[in-house]
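**Q** My structure is below; once you've seen it, I'll send some questions.
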2 protein chains.
Amino acid sequence: MTKKGKEELDLTTEQKIKEAAIRVFTKKGYGNARTRDIAEEAGINLALLNYYFRSKEKLFDIVMAERIEKLFGVLAPVLFDATTSLEEKLDRIVENYITMLIEHPELPIFVLSEMRSNPGDMANRLQARKLLTDSIFIKQLADKRKDINPVHFLMNILGMTLFPFIGKPVLETLLGGGDEAYMAMMEERKKLIPRWVKLMLNES
Amino acid sequence: MTKKGKEELDLTTEQKIKEAAIRVFTKKGYGNARTRDIAEEAGINLALLNYYFRSKEKLFDIVMAERIEKLFGVLAPVLFDATTSLEEKLDRIVENYITMLIEHPELPIFVLSEMRSNPGDMANRLQARKLLTDSIFIKQLADKRKDINPVHFLMNILGMTLFPFIGKPVLETLLGGGDEAYMAMMEERKKLIPRWVKLMLNES
DNA sequence: AAACATTTTAATCAATTGATTAATAAAACT
DNA sequence: AGTTTTATTAATCAATTGATTAAAATGTTT
């Protein structure tokens, strides 16, 4: 394996394939994506796909791991930050998520819909439970509101933040005005969602 | 076409195929579902699938139309009801949705993920915009809070209600305790979500 | 029962698709 | 330069898969 010194503008073949795979898998899902689609999208010969990655499934696993990291990587650093308050964390989570999702609107539906097929397998890879037991966020929440179940609380934040991207095809039609109007609305939500969540937090 | 008089316990072949198709398509999605899977699930010969429905795609369209109706049919009757208050409507929407989704947890992820592939096509079939222009719900909301964008408001209700089912694989791992514990939590949300939404509604 | 229509089956087709192979081109090494 | 390794291509394979066909079975009508 000879790493050429040309990482100027154009990518290596391996990178081209992986990035094409990300686009095609994300758009069509595993079952609807053809390896030929990926090869064409990458502008390479079909055999090269199997030369660099052993099979469609192996390539998919790599893509999926990256996508999962992108989707949930937003969350952990904020939740474990010891230097910010609970309310600041709310602001950051929503702000970070929406900023990222405006760039990658199809990310949540892709990850969550592919997860339904391989249940358990990937959910574990996230070490999701550590989040509940170890995170500063959960401690801060328990400190302020012993009566609020943190899982309910997370469902609300993530639901209000992620769902508009998952339901985009429907909600965009509902709203009218096309993609620009929709994304403008997502920008609004960066400020609105934290306000609403803080209402729950300060409820009598 | 001879309609036999035996709709006692067992279904007609056509019904058996359709119901098997609902199960298989909902679980695996269009691309990952094989017509042979459906035939086997229905306990019939593969050729019968093409005899009753012309093709996999035609069968899928029928299944999809039914699933869309199931997912959004919950909403319209409540939103257009002239006899209930805004707050009563909130209670009903959440209650109806969660009750239905406990029976069909994979419904939202199926419909929304398949919609991403056929964008526009099905979104229109919902006549979603009528909901914004004609529904009593929207009128009542505008009456109470001119400053709240009804689309934001709907995103919040649907996000908090539907998202826990869409993200079930992850959130269930987070919670621990398996399916029963998770569904118990969904029952709790029937009362909690309306309370939270009413906070937004009565915010200063 | 005979004739006809409908339903079901087993076998097969043709196209798609993931993967491999053998040959060629390009790059790296000595 | 010559040799070996790495990268790329065109052609092809074998399995899967949606769909069809021709025959058999079942049901209906007269």
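Residue numbers start at 1 in each chain; chains themselves are named A, B, ... in the order of the structure tokens; ligands are numbered from 1 in the order shown.
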Just need the residues of chain A within 6 Å of chain B, counting only C-alpha atoms, so spit them out as a PyMOL selection string.

**A** chain A and resi 31-32+123+128-129+156+159-160+163+170+174

**Q** Show me, as a tab-separated table (two decimals) with N, CA, C and O atoms, in the first residue's frame, every residue of chain A with an atom at most 9 Å from chain C, counting only C-alpha atoms (C1' of nucleotides).

**A**
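Wrote it out as out25.tsv, contents follow:
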```
chain	number	residue	atom	x	y	z
A	2	THR	N	0.87	1.93	-1.10
A	2	THR	CA	1.75	3.09	-1.25
A	2	THR	C	0.97	4.39	-1.16
A	2	THR	O	0.21	4.72	-2.06
A	34	ARG	N	-27.06	-0.01	-5.19
A	34	ARG	CA	-26.33	-0.99	-5.97
A	34	ARG	C	-24.85	-0.65	-5.91
A	34	ARG	O	-24.48	0.53	-5.91
A	35	THR	N	-24.01	-1.69	-5.86
A	35	THR	CA	-22.57	-1.40	-5.87
A	35	THR	C	-22.20	-0.65	-7.16
A	35	THR	O	-21.27	0.15	-7.17
A	36	ARG	N	-22.95	-0.93	-8.23
A	36	ARG	CA	-22.70	-0.19	-9.47
A	36	ARG	C	-23.02	1.29	-9.35
A	36	ARG	O	-22.36	2.14	-9.95
A	47	ALA	N	-14.87	-3.16	-10.13
A	47	ALA	CA	-14.00	-4.13	-9.45
A	47	ALA	C	-13.16	-3.48	-8.35
A	47	ALA	O	-12.76	-4.13	-7.39
A	50	ASN	N	-14.48	-3.79	-4.80
A	50	ASN	CA	-14.17	-5.03	-4.10
A	50	ASN	C	-12.68	-5.19	-3.85
A	50	ASN	O	-12.27	-5.99	-3.02
A	55	SER	N	-16.34	-6.29	0.34
A	55	SER	CA	-17.70	-6.55	-0.13
A	55	SER	C	-18.58	-5.34	0.14
A	55	SER	O	-18.19	-4.40	0.82
A	56	LYS	N	-19.74	-5.38	-0.45
A	56	LYS	CA	-20.73	-4.33	-0.21
A	56	LYS	C	-21.00	-4.18	1.28
A	56	LYS	O	-21.08	-3.06	1.80
```

**Q** At a cut-off of 8 Å, list the chain D residues touching chain A, using only C-alpha atoms (C1' of nucleotides), as a PDB file with N, CA and C atoms (P, O5', C5', C4', C3', O3' and C1' of nucleotides), in the first residue's frame.

**A**
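Here's the written file out28.pdb:
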```pdb
ATOM      1  P    DT D   6       2.528  -4.662  -2.581  1.00  0.00           P
ATOM      2  O5'  DT D   6       1.703  -3.621  -3.481  1.00  0.00           O
ATOM      3  C5'  DT D   6       2.193  -2.290  -3.621  1.00  0.00           C
ATOM      4  C4'  DT D   6       1.338  -1.538  -4.605  1.00  0.00           C
ATOM      5  C3'  DT D   6      -0.167  -1.570  -4.329  1.00  0.00           C
ATOM      6  O3'  DT D   6      -0.649  -0.241  -4.329  1.00  0.00           O
ATOM      7  C1'  DT D   6       0.264  -2.096  -6.578  1.00  0.00           C
ATOM      8  P    DT D   8      -6.230   3.071  -8.725  1.00  0.00           P
ATOM      9  O5'  DT D   8      -6.676   2.302 -10.033  1.00  0.00           O
ATOM     10  C5'  DT D   8      -6.002   2.592 -11.269  1.00  0.00           C
ATOM     11  C4'  DT D   8      -6.536   1.721 -12.380  1.00  0.00           C
ATOM     12  C3'  DT D   8      -8.066   1.635 -12.492  1.00  0.00           C
ATOM     13  O3'  DT D   8      -8.456   2.260 -13.699  1.00  0.00           O
ATOM     14  C1'  DT D   8      -7.020  -0.488 -12.810  1.00  0.00           C
ATOM     15  P    DT D   9      -9.994   2.359 -14.099  1.00  0.00           P
ATOM     16  O5'  DT D   9     -10.134   1.189 -15.159  1.00  0.00           O
ATOM     17  C5'  DT D   9      -9.182   1.077 -16.216  1.00  0.00           C
ATOM     18  C4'  DT D   9      -9.420  -0.203 -16.997  1.00  0.00           C
ATOM     19  C3'  DT D   9     -10.879  -0.479 -17.307  1.00  0.00           C
ATOM     20  O3'  DT D   9     -11.100  -0.404 -18.710  1.00  0.00           O
ATOM     21  C1'  DT D   9      -9.756  -2.443 -16.515  1.00  0.00           C
TER      22       DT D   9
END
```

**Q** If you run DSSP on this backbone, which residues of region 58-141 of chain B come out as alpha helix (DSSP H), and could you give them as JSON, numbers by chain?

**A** {"B": [58, 59, 60, 61, 62, 63, 64, 65, 66, 67, 68, 69, 70, 71, 72, 75, 76, 77, 78, 79, 86, 87, 88, 89, 90, 91, 92, 93, 94, 95, 96, 97, 98, 99, 100, 101, 102, 103, 107, 108, 109, 110, 111, 112, 113, 114, 115, 116, 117, 121, 122, 123, 124, 125, 128, 129, 130, 131, 132, 133, 134, 136, 137, 138, 139, 140, 141]}
